[in-house]
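Source file: model-v2.txt (compact mmCIF, C-alpha atoms)
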```
# COMPACT_ATOMS: atom_id res chain seq x y z
CA MET Q 75 0.00 0.00 0.00
CA ALA Q 76 1.42 3.35 -0.90
CA THR Q 77 0.23 6.91 -0.98
CA THR Q 78 2.49 9.46 -2.57
CA ALA Q 79 2.41 13.24 -2.37
CA VAL Q 80 4.30 15.25 -4.94
CA ILE Q 81 4.89 18.98 -4.87
CA THR Q 82 6.17 21.02 -7.79
CA LEU Q 83 7.23 24.61 -7.29
CA GLU Q 84 8.01 26.92 -10.18
CA SER Q 85 8.88 30.59 -9.93
CA ASP Q 86 10.35 33.37 -12.01
CA ILE Q 87 10.67 35.81 -9.10
CA THR Q 88 14.41 35.84 -9.69
CA SER Q 89 16.11 36.02 -13.07
CA GLU Q 90 17.14 32.43 -12.56
CA THR Q 91 13.97 30.40 -12.80
CA VAL Q 92 13.25 28.09 -9.89
CA ASN Q 93 11.72 24.74 -10.71
CA PHE Q 94 11.83 21.73 -8.47
CA SER Q 95 9.72 18.77 -7.47
CA THR Q 96 9.71 16.58 -4.37
CA SER Q 97 7.89 13.32 -3.79
CA ALA Q 98 7.08 11.74 -0.44
CA THR Q 99 5.61 8.35 0.33
CA LEU Q 100 3.27 8.69 3.28
CA THR Q 101 4.23 6.32 6.05
CA LYS Q 102 3.60 5.88 9.73
CA ALA Q 103 6.14 7.29 12.18
CA GLY Q 104 9.39 5.45 11.71
CA GLY Q 105 8.94 5.09 8.00
CA ALA Q 106 8.61 1.35 7.47
CA VAL Q 107 4.82 1.01 7.31
CA ALA Q 108 2.49 2.86 4.98
CA LEU Q 109 -0.29 5.04 6.30
CA VAL Q 110 -3.53 3.10 5.92
CA GLU Q 111 -6.11 5.46 7.38
CA ALA Q 112 -7.64 8.53 5.83
CA SER Q 113 -10.72 10.64 6.33
CA GLY Q 114 -11.64 10.66 2.67
CA LEU Q 115 -11.72 13.82 0.64
CA GLY Q 116 -14.41 16.10 2.03
CA ARG Q 117 -15.89 19.52 1.47
CA THR Q 118 -17.24 21.80 4.16
CA ASN Q 119 -19.55 24.67 3.36
CA PHE Q 120 -19.31 27.79 5.47
CA LEU Q 121 -22.72 29.36 5.11
CA SER Q 122 -23.38 31.19 8.34
CA THR Q 123 -23.99 34.90 8.29
CA ASP Q 124 -23.26 35.09 11.99
CA PRO Q 125 -19.63 36.11 12.43
CA ALA Q 126 -19.50 34.66 15.93
CA SER Q 127 -20.30 31.16 14.70
CA ARG Q 128 -18.43 31.09 11.42
CA SER Q 129 -15.41 29.07 12.50
CA LYS Q 130 -15.52 25.28 12.39
CA VAL Q 131 -13.40 22.51 13.81
CA ILE Q 132 -12.32 20.57 10.73
CA PHE Q 133 -10.25 17.93 12.52
CA ARG Q 134 -10.20 17.10 16.21
CA ALA Q 135 -7.00 15.87 17.79
CA GLU Q 136 -8.59 12.57 18.72
CA ASP Q 137 -9.17 11.88 15.02
CA ALA Q 138 -5.51 10.86 14.72
CA THR Q 139 -2.70 9.28 16.69
CA ALA Q 140 -0.86 11.77 18.87
CA ASP Q 141 2.65 12.49 17.59
CA GLY Q 142 1.98 10.31 14.58
CA SER Q 143 3.03 10.96 11.04
CA ASN Q 144 -0.33 12.48 10.22
CA LYS Q 145 -0.83 14.84 7.26
CA ILE Q 146 -3.56 17.30 6.39
CA TYR Q 147 -4.53 18.51 2.93
CA MET Q 148 -6.69 21.61 2.52
CA LYS Q 149 -7.80 23.72 -0.38
CA ASN Q 150 -9.80 26.94 -0.58
CA THR Q 151 -12.10 26.43 -3.55
CA SER Q 152 -13.13 30.09 -3.75
CA ALA Q 153 -12.52 31.95 -7.00
CA THR Q 154 -12.68 35.40 -5.41
CA ALA Q 155 -9.12 36.57 -4.84
CA ALA Q 156 -9.79 38.41 -1.59
CA GLU Q 157 -11.54 35.49 0.12
CA PHE Q 158 -9.44 33.45 2.50
CA PHE Q 159 -9.68 30.88 5.25
CA THR Q 160 -7.61 31.48 8.35
CA ILE Q 161 -6.27 28.19 9.67
CA PHE Q 162 -5.65 27.80 13.38
CA ILE Q 163 -4.01 25.04 15.38
CA ASP Q 164 -5.84 25.42 18.64
CA GLN Q 165 -5.30 29.10 19.46
CA GLU Q 166 -2.29 29.64 17.19
CA GLU Q 167 -2.91 31.20 13.81
CA MET Q 168 -1.08 29.25 11.15
CA GLY Q 169 -1.89 31.24 8.07
CA ARG Q 170 -4.35 32.40 5.47
CA LEU Q 171 -5.39 30.16 2.64
CA TYR Q 172 -6.44 32.46 -0.18
CA ALA Q 173 -8.70 31.65 -3.11
CA GLY Q 174 -7.45 28.60 -4.98
CA ASP Q 175 -4.61 27.99 -2.52
CA TRP Q 176 -3.87 24.62 -1.01
CA ALA Q 177 -1.81 23.36 1.92
CA PHE Q 178 -0.31 20.05 2.95
CA PHE Q 179 1.27 19.85 6.37
CA PRO Q 180 2.13 17.44 9.19
CA TRP Q 181 -0.08 17.27 12.26
CA SER Q 182 0.95 16.03 15.68
CA ALA Q 183 -2.63 15.92 16.97
CA THR Q 184 -1.62 16.74 20.54
CA GLN Q 185 -4.56 15.46 22.52
CA GLY Q 186 -6.36 16.53 25.65
CA THR Q 187 -7.99 14.20 28.11
CA LEU Q 188 -11.56 12.94 28.26
CA GLU Q 189 -13.91 13.50 31.15
CA THR Q 190 -14.89 10.29 32.85
CA PHE Q 191 -16.96 8.97 35.72
CA VAL Q 192 -18.57 5.76 36.96
CA VAL Q 193 -22.21 5.34 37.89
CA THR Q 194 -23.02 2.32 40.03
CA ILE Q 195 -26.59 1.14 40.00
CA GLY Q 196 -27.46 0.20 43.57
CA GLY Q 197 -30.10 0.13 46.24
CA THR Q 198 -33.50 -1.36 45.55
CA TRP Q 199 -35.03 -0.62 42.17
CA VAL Q 200 -38.58 -1.04 41.02
CA ALA Q 201 -39.36 -1.75 37.40
CA GLY Q 202 -40.18 1.48 35.60
CA GLU Q 203 -37.95 3.71 37.70
CA THR Q 204 -35.55 5.75 35.58
CA TRP Q 205 -32.01 7.08 35.43
CA ALA Q 206 -31.37 9.88 32.97
CA PHE Q 207 -28.14 11.43 31.72
CA ASP Q 208 -27.05 13.35 28.63
CA GLY Q 209 -30.63 13.51 27.43
CA VAL Q 210 -31.05 9.74 27.46
CA THR Q 211 -33.45 8.08 29.90
CA THR Q 212 -33.22 4.44 30.91
CA ALA Q 213 -36.29 2.81 32.47
CA ALA Q 214 -35.54 -0.22 34.64
CA ALA Q 215 -36.98 -3.35 33.07
CA ASN Q 216 -36.79 -5.25 36.35
CA THR Q 217 -35.27 -5.06 39.83
CA THR Q 218 -31.84 -6.58 39.17
CA VAL Q 219 -29.18 -3.85 39.43
CA ALA Q 220 -26.70 -5.58 37.10
CA GLU Q 221 -29.36 -5.86 34.42
CA ILE Q 222 -30.40 -2.23 34.88
CA ALA Q 223 -26.74 -1.25 34.57
CA ALA Q 224 -26.60 -3.29 31.37
CA GLN Q 225 -29.58 -1.29 30.09
CA VAL Q 226 -27.76 1.96 30.92
CA ASP Q 227 -24.65 0.69 29.14
CA ALA Q 228 -26.62 -0.36 26.06
CA GLN Q 229 -27.90 3.16 25.40
CA HIS Q 230 -26.25 5.44 22.83
CA TYR Q 231 -25.26 8.74 24.40
CA PRO Q 232 -24.56 11.70 22.13
CA ASN Q 233 -21.55 12.89 24.10
CA TRP Q 234 -20.30 9.80 25.91
CA THR Q 235 -19.21 6.22 25.42
CA THR Q 236 -19.73 3.53 28.05
CA SER Q 237 -18.40 0.24 29.31
CA ILE Q 238 -19.67 -1.99 32.10
CA THR Q 239 -18.37 -4.07 34.97
CA GLY Q 240 -21.09 -5.70 37.04
CA ALA Q 241 -23.46 -2.92 38.10
CA ALA Q 242 -20.88 -0.16 37.43
CA VAL Q 243 -21.03 1.72 34.14
CA THR Q 244 -18.02 3.80 33.15
CA PHE Q 245 -18.74 6.89 31.08
CA ILE Q 246 -16.04 8.50 28.95
CA ALA Q 247 -16.62 11.72 27.00
CA ARG Q 248 -16.43 11.43 23.23
CA HIS Q 249 -14.42 14.67 22.94
CA ALA Q 250 -11.62 15.97 25.09
CA GLY Q 251 -12.22 19.17 26.91
CA VAL Q 252 -13.20 20.93 30.06
CA ASN Q 253 -16.83 20.10 29.53
CA GLY Q 254 -17.92 20.93 33.06
CA VAL Q 255 -20.11 17.85 33.38
CA VAL Q 256 -17.91 16.14 35.93
CA THR Q 257 -17.92 18.55 38.84
CA ALA Q 258 -16.26 16.34 41.46
CA ALA Q 259 -15.03 12.80 41.94
CA ASP Q 260 -18.51 11.90 43.15
CA ALA Q 261 -20.71 14.32 41.24
CA VAL Q 262 -21.79 15.08 37.70
CA ILE Q 263 -24.29 17.49 36.24
CA GLY Q 264 -27.43 16.11 34.60
CA ASP Q 265 -27.89 12.71 36.20
CA VAL Q 266 -31.43 12.27 37.46
CA ILE Q 267 -33.06 9.32 39.18
CA VAL Q 268 -36.83 9.21 39.24
CA GLN Q 269 -37.85 6.85 42.00
CA GLY Q 270 -41.16 5.21 42.65
CA GLY Q 271 -42.88 5.41 46.01
CA GLY Q 272 -40.80 3.94 48.84
CA SER Q 273 -37.89 3.04 46.61
CA ASP Q 274 -34.24 3.64 47.54
CA ALA Q 275 -32.83 3.23 44.03
CA THR Q 276 -29.39 4.80 43.71
CA GLY Q 277 -26.92 5.66 40.98
CA VAL Q 278 -23.84 6.55 42.93
CA ILE Q 279 -21.21 8.56 41.05
CA SER Q 280 -17.55 7.79 41.63
CA ALA Q 281 -14.13 8.04 39.98
CA GLY Q 282 -15.07 11.33 38.34
CA ALA Q 283 -12.26 13.17 36.60
CA ALA Q 284 -12.46 16.39 34.65
CA GLY Q 285 -10.92 16.60 31.18
CA THR Q 286 -8.51 18.94 29.51
CA ARG Q 287 -8.94 20.46 26.09
CA SER Q 288 -7.00 19.32 23.06
CA GLU Q 289 -4.34 21.74 21.99
CA ALA Q 290 -4.17 20.77 18.35
CA ASP Q 291 -7.68 20.90 16.94
CA ILE Q 292 -7.67 22.33 13.43
CA VAL Q 293 -10.05 25.28 13.34
CA VAL Q 294 -10.87 27.19 10.18
CA LEU Q 295 -12.44 30.64 9.91
CA PRO Q 296 -13.73 32.05 6.60
CA SER Q 297 -13.06 35.70 5.83
CA VAL Q 298 -16.58 36.54 4.73
CA ALA Q 299 -20.07 35.60 5.80
CA THR Q 300 -21.05 34.32 2.39
CA THR Q 301 -20.69 30.84 1.03
CA MET Q 302 -17.11 29.56 1.06
CA VAL Q 303 -16.12 25.95 0.57
CA LEU Q 304 -13.07 24.24 2.02
CA GLU Q 305 -11.80 20.94 0.66
CA HIS Q 306 -9.94 18.80 3.16
CA MET Q 307 -8.51 15.37 3.82
CA LEU Q 308 -6.69 13.80 6.74
CA PHE Q 309 -4.10 11.05 6.28
CA ASN Q 310 -3.53 9.58 9.71
CA GLU Q 311 -2.05 6.80 11.78
CA MET W 265 4.67 40.28 -12.74
CA ALA W 266 6.39 37.35 -11.19
CA THR W 267 4.59 34.05 -11.42
CA THR W 268 5.02 31.38 -8.79
CA THR W 269 3.01 28.21 -8.97
CA ALA W 270 2.72 25.47 -6.41
CA SER W 271 1.25 22.17 -7.52
CA VAL W 272 0.41 19.12 -5.52
CA SER W 273 -0.52 15.63 -6.55
CA ILE W 274 -1.59 13.07 -3.98
CA SER W 275 -2.32 9.62 -5.25
CA SER W 276 -2.94 6.12 -4.03
CA SER W 277 -4.24 3.04 -5.70
CA ASP W 278 -5.19 1.22 -2.52
CA LEU W 279 -5.76 3.66 0.35
CA GLN W 280 -9.49 3.73 -0.35
CA LEU W 281 -10.77 0.36 -1.45
CA GLY W 282 -12.42 0.47 -4.84
CA ASN W 283 -11.67 4.15 -5.22
CA ARG W 284 -8.35 5.29 -6.58
CA LEU W 285 -7.27 8.46 -4.82
CA SER W 286 -6.08 11.22 -7.10
CA ILE W 287 -5.94 14.75 -5.74
CA SER W 288 -4.40 17.45 -7.84
CA ALA W 289 -4.27 21.16 -7.21
CA THR W 290 -2.30 24.07 -8.58
CA SER W 291 -2.12 27.49 -7.03
CA THR W 292 -0.54 30.65 -8.32
CA LEU W 293 0.83 32.45 -5.30
CA MET W 294 -0.55 35.98 -5.22
CA LYS W 295 0.03 38.97 -3.03
CA THR W 296 -2.53 39.36 -0.28
CA GLY W 297 -6.00 39.37 -1.79
CA LEU W 298 -4.73 40.46 -5.19
CA THR W 299 -4.15 38.98 -8.59
CA THR W 300 -0.54 40.03 -8.81
CA GLY W 301 2.15 37.54 -7.96
CA LEU W 302 4.31 37.41 -4.86
CA GLU W 303 7.77 38.86 -5.33
CA ILE W 304 9.65 37.93 -2.19
CA MET W 305 11.34 34.55 -2.02
CA GLU W 306 13.94 33.08 0.28
CA MET W 307 15.24 29.57 -0.09
CA GLY W 308 18.09 27.45 1.04
CA LYS W 309 19.45 24.23 2.39
CA ASN W 310 20.91 23.50 5.80
CA ASN W 311 21.44 20.90 8.48
CA LEU W 312 19.62 20.76 11.78
CA THR W 313 21.19 18.76 14.58
CA VAL W 314 19.51 17.42 17.69
CA ALA W 315 21.85 19.60 19.76
CA ASP W 316 20.57 22.69 17.98
CA SER W 317 17.27 22.37 19.88
CA HIS W 318 14.60 24.77 18.65
CA LYS W 319 15.57 27.10 15.83
CA ALA W 320 13.59 29.77 14.04
CA LEU W 321 13.37 28.92 10.36
CA TYR W 322 11.65 32.24 9.75
CA GLU W 323 10.76 35.04 12.13
CA GLY W 324 7.21 36.26 12.51
CA GLY W 325 6.21 39.62 11.13
CA VAL W 326 8.62 42.11 12.66
CA ALA W 327 6.54 45.01 11.36
CA ALA W 328 2.78 45.39 11.35
CA GLY W 329 2.75 45.58 7.57
CA ASP W 330 4.25 42.10 7.31
CA ARG W 331 1.58 40.45 9.41
CA ASP W 332 -1.54 38.63 8.28
CA GLN W 333 -0.41 38.62 4.70
CA ALA W 334 -0.33 35.88 2.08
CA SER W 335 2.89 33.99 2.73
CA TYR W 336 3.85 30.36 2.27
CA VAL W 337 6.44 28.00 3.66
CA TYR W 338 7.90 24.95 1.95
CA LEU W 339 10.03 22.63 4.04
CA CYS W 340 11.48 19.22 3.21
CA ASN W 341 13.29 16.86 5.55
CA ASP W 342 16.12 15.32 3.52
CA ALA W 343 17.16 12.90 6.25
CA THR W 344 17.48 9.28 5.19
CA GLU W 345 17.16 7.69 8.64
CA ASP W 346 13.48 6.80 9.04
CA THR W 347 13.42 7.79 12.70
CA SER W 348 14.85 11.27 12.18
CA TYR W 349 12.20 13.93 12.09
CA ILE W 350 11.80 17.67 12.27
CA GLU W 351 9.26 18.89 14.78
CA VAL W 352 7.63 21.91 13.21
CA GLY W 353 5.75 24.51 15.20
CA ILE W 354 4.64 28.08 15.31
CA HIS W 355 6.28 29.67 18.33
CA ASP W 356 5.40 27.26 21.15
CA THR W 357 2.53 25.47 19.39
CA ILE W 358 3.61 22.12 17.98
CA MET W 359 2.21 21.60 14.53
CA GLY W 360 3.59 18.24 13.46
CA ARG W 361 6.47 15.94 12.76
CA LEU W 362 8.10 15.98 9.36
CA TYR W 363 9.67 12.57 8.99
CA ALA W 364 12.57 11.62 6.72
CA GLY W 365 11.67 12.35 3.12
CA ASP W 366 8.48 14.23 3.99
CA TRP W 367 7.69 17.73 2.79
CA MET W 368 5.13 20.35 3.74
CA PHE W 369 3.65 23.45 2.18
CA MET W 370 1.55 25.74 4.31
CA PRO W 371 0.29 29.28 4.50
CA TYR W 372 2.01 31.38 7.10
CA ALA W 373 0.35 34.44 8.59
CA GLN W 374 3.38 35.85 10.45
CA GLY W 375 0.73 36.87 12.97
CA ASP W 376 3.13 38.74 15.21
CA ASN W 377 6.78 38.88 16.12
CA ALA W 378 6.31 35.88 18.43
CA ALA W 379 5.01 33.62 15.68
CA GLU W 380 8.22 32.28 14.25
CA ILE W 381 8.35 29.00 12.36
CA SER W 382 10.07 26.77 14.89
CA ILE W 383 11.99 23.65 13.84
CA GLU W 384 13.78 21.06 15.93
CA ALA W 385 15.54 17.87 14.87
CA GLU W 386 14.79 14.69 16.78
CA GLY W 387 16.32 11.26 16.37
CA GLY W 388 19.28 12.45 14.33
CA THR W 389 20.60 15.23 12.16
CA CYS W 390 18.11 16.40 9.56
CA PRO W 391 19.34 18.05 6.39
CA TYR W 392 16.52 20.23 5.12
CA GLN W 393 15.53 22.44 2.25
CA TYR W 394 13.16 25.34 2.56
CA ALA W 395 11.55 28.12 0.62
CA ILE W 396 9.57 31.09 1.87
CA PHE W 397 7.27 33.09 -0.39
CA ALA W 398 5.96 36.31 1.09
CA THR W 399 3.89 39.35 0.26
CA ALA W 400 5.90 41.66 2.48
CA LYS W 401 9.07 41.64 4.50
CA THR W 402 10.32 44.69 6.35
CA LEU W 403 14.06 44.75 6.77
CA ILE W 404 15.22 45.20 10.34
CA ASP W 405 17.51 48.07 11.23
CA SER W 406 21.19 47.51 10.78
CA ASP W 407 23.58 48.10 13.65
CA GLN W 408 25.68 50.22 11.32
CA ALA W 409 25.80 53.78 12.67
```
Output the file's structure as structure tokens, nothing else.
Amino acid sequence: MATTAVITLESDITSETVNFSTSATLTKAGGAVALVEASGLGRTNFLSTDPASRSKVIFRAEDATADGSNKIYMKNTSATAAEFFTIFIDQEEMGRLYAGDWAFFPWSATQGTLETFVVTIGGTWVAGETWAFDGVTTAAANTTVAEIAAQVDAQHYPNWTTSITGAAVTFIARHAGVNGVVTAADAVIGDVIVQGGGSDATGVISAGAAGTRSEADIVVLPSVATTMVLEHMLFNE
Amino acid sequence: MATTTASVSISSSDLQLGNRLSISATSTLMKTGLTTGLEIMEMGKNNLTVADSHKALYEGGVAAGDRDQASYVYLCNDATEDTSYIEVGIHDTIMGRLYAGDWMFMPYAQGDNAAEISIEAEGGTCPYQYAIFATAKTLIDSDQA
């Protein structure tokens, strides 16, 4: 498997014409193994007329292996000379990609950490009682805590992934960041138990840990609030 | 008017199953927002050793007029040892690792005078080639009285 990237630069800025070409075979760090993962060539439309919401995260650090031999290709498809995309790595401005310009650069994908916590289904549950989190509500099918935990684990949460050990379900955020959901080792925001009469159903929170933001997300900001289209592709480990 | 063109071709017959990858793009490098070509170019070849630590390949915009302009950086790691790479960053933000034989071409805003292109060799000495294309570059004052 091989992916090659070739650049050709030609210029007559000086009286001696410059013309050279370089080819690279894209490999994983260390060079012996070819890169085998890619995002596919994509296009993102920037349509918003609201300046405050115009920027978009094109690639998140967790999309690639940290410190890998990852590469990013981008192209501004605009035909209006003055229109440009400003490319940021986290908070650092890399540069402006003007109409028709392209870029191809390495990406370390320095990653943050993911918020996490454990909820342990305990106490005495009655069928029909519920535990809700992240907009997803689980209704107990019976009174067995391990089976209720399995129901919690089987749900699909928009912002979290889960795994299960006995009656303990571990939640891990899908994206790194200081999301503010985990407020303490034993507390999160948004978990709600609705008990039936006389029940002592519990969903004790433990092992909570706040996250840290990624410091390498690729953020792109268009120069105008009219339609601009960015072409992009990630080659990653 | 000077004409500088940068072309890229990325191809693979097997990265995407059943879909041969073939990306091709050519850009004529223009002055900021204009249709006239860039006229400032610096290029060269050098060696970067591990002991060199972080070096500035190119300083950020020393004058306000140099900043936030259309500028581009080409850099190629000519090392032959697979484990030798150049860590490329902008000031203290790490951008990525340019492994032996890899090249990069990116826009460079020169956002301020603390936005230098930072390079550091890891794993072994890295011979490199570079080229900078810029809209503006203000010369710094000479020490000559």
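Comparing Q:Asp164, Q:Val131, Q:Thr118, Q:Val210 by their smallest distance to Q:Thr151, the closest is Q:Thr118 (using all atoms listed in the file).
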Residues of chain Q within 7 Å of chain W, all atoms listed in the file counted, as a PyMOL selection string
chain Q and resi 75-87+98+104-105+110+143+155-156+166-171+174-182
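Between atom CA of Q:Thr212 and atom CA of Q:Gln225 the interatomic distance comes to 6.8 Å.
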d(atom CA of W:Asp330, atom CA of Q:Ala183) in Å
28.7 Å
Residues near W:Gly308, anyone? I mean within 9 Å using all atoms listed in the file, not counting same-chain ones fewer than 4 positions away, as number ranges by chain.
W: 392-395
Near stretch 240-247 of chain Q, within 8 Å and counting only C-alpha atoms, which residues show up once chain neighbours fewer than 3 positions away are dropped, as a compact mmCIF listing (two decimals) with C-alpha atoms, in the coordinates of the input?
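Result saved to result.txt:
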```txt
# COMPACT_ATOMS: atom_id res chain seq x y z
CA LEU Q 188 -11.56 12.94 28.26
CA GLU Q 189 -13.91 13.50 31.15
CA THR Q 190 -14.89 10.29 32.85
CA PHE Q 191 -16.96 8.97 35.72
CA VAL Q 192 -18.57 5.76 36.96
CA VAL Q 193 -22.21 5.34 37.89
CA THR Q 194 -23.02 2.32 40.03
CA ILE Q 195 -26.59 1.14 40.00
CA GLY Q 196 -27.46 0.20 43.57
CA VAL Q 219 -29.18 -3.85 39.43
CA ALA Q 220 -26.70 -5.58 37.10
CA GLU Q 221 -29.36 -5.86 34.42
CA ILE Q 222 -30.40 -2.23 34.88
CA ALA Q 223 -26.74 -1.25 34.57
CA ALA Q 224 -26.60 -3.29 31.37
CA VAL Q 226 -27.76 1.96 30.92
CA ASP Q 227 -24.65 0.69 29.14
CA ASN Q 233 -21.55 12.89 24.10
CA TRP Q 234 -20.30 9.80 25.91
CA THR Q 235 -19.21 6.22 25.42
CA THR Q 236 -19.73 3.53 28.05
CA SER Q 237 -18.40 0.24 29.31
CA ALA Q 250 -11.62 15.97 25.09
```
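Going from atom CA of Q:Gly264 over to atom CA of Q:Phe133, you cover 28.0 Å.
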Could you give me, as a PDB file with C-alpha atoms, in the coordinates of the input, the residues within 10 Å of Q:His249, counting all atoms listed in the file and dropping anything in the same chain fewer than 3 positions from it?
```
ATOM      1  CA  ARG Q 134     -10.200  17.100  16.210  1.00  0.00           C
ATOM      2  CA  ALA Q 135      -7.000  15.870  17.790  1.00  0.00           C
ATOM      3  CA  GLU Q 136      -8.590  12.570  18.720  1.00  0.00           C
ATOM      4  CA  ASP Q 137      -9.170  11.880  15.020  1.00  0.00           C
ATOM      5  CA  GLN Q 185      -4.560  15.460  22.520  1.00  0.00           C
ATOM      6  CA  GLY Q 186      -6.360  16.530  25.650  1.00  0.00           C
ATOM      7  CA  THR Q 187      -7.990  14.200  28.110  1.00  0.00           C
ATOM      8  CA  LEU Q 188     -11.560  12.940  28.260  1.00  0.00           C
ATOM      9  CA  GLU Q 189     -13.910  13.500  31.150  1.00  0.00           C
ATOM     10  CA  ASN Q 233     -21.550  12.890  24.100  1.00  0.00           C
ATOM     11  CA  TRP Q 234     -20.300   9.800  25.910  1.00  0.00           C
ATOM     12  CA  ILE Q 246     -16.040   8.500  28.950  1.00  0.00           C
ATOM     13  CA  VAL Q 252     -13.200  20.930  30.060  1.00  0.00           C
ATOM     14  CA  ASN Q 253     -16.830  20.100  29.530  1.00  0.00           C
ATOM     15  CA  GLY Q 285     -10.920  16.600  31.180  1.00  0.00           C
ATOM     16  CA  THR Q 286      -8.510  18.940  29.510  1.00  0.00           C
ATOM     17  CA  ARG Q 287      -8.940  20.460  26.090  1.00  0.00           C
ATOM     18  CA  SER Q 288      -7.000  19.320  23.060  1.00  0.00           C
TER      19      SER Q 288
END
```
Compile the contact shell of Q:Asn150 as JSON, numbers by chain: residues with an atom at most 10 Å away, counting all atoms listed in the file, same-chain residues fewer than 2 positions apart removed.
{"Q": [117, 148, 152, 153, 157, 158, 159, 170, 171, 172, 173, 174, 175, 176, 177, 296, 302, 303, 304, 305, 306]}
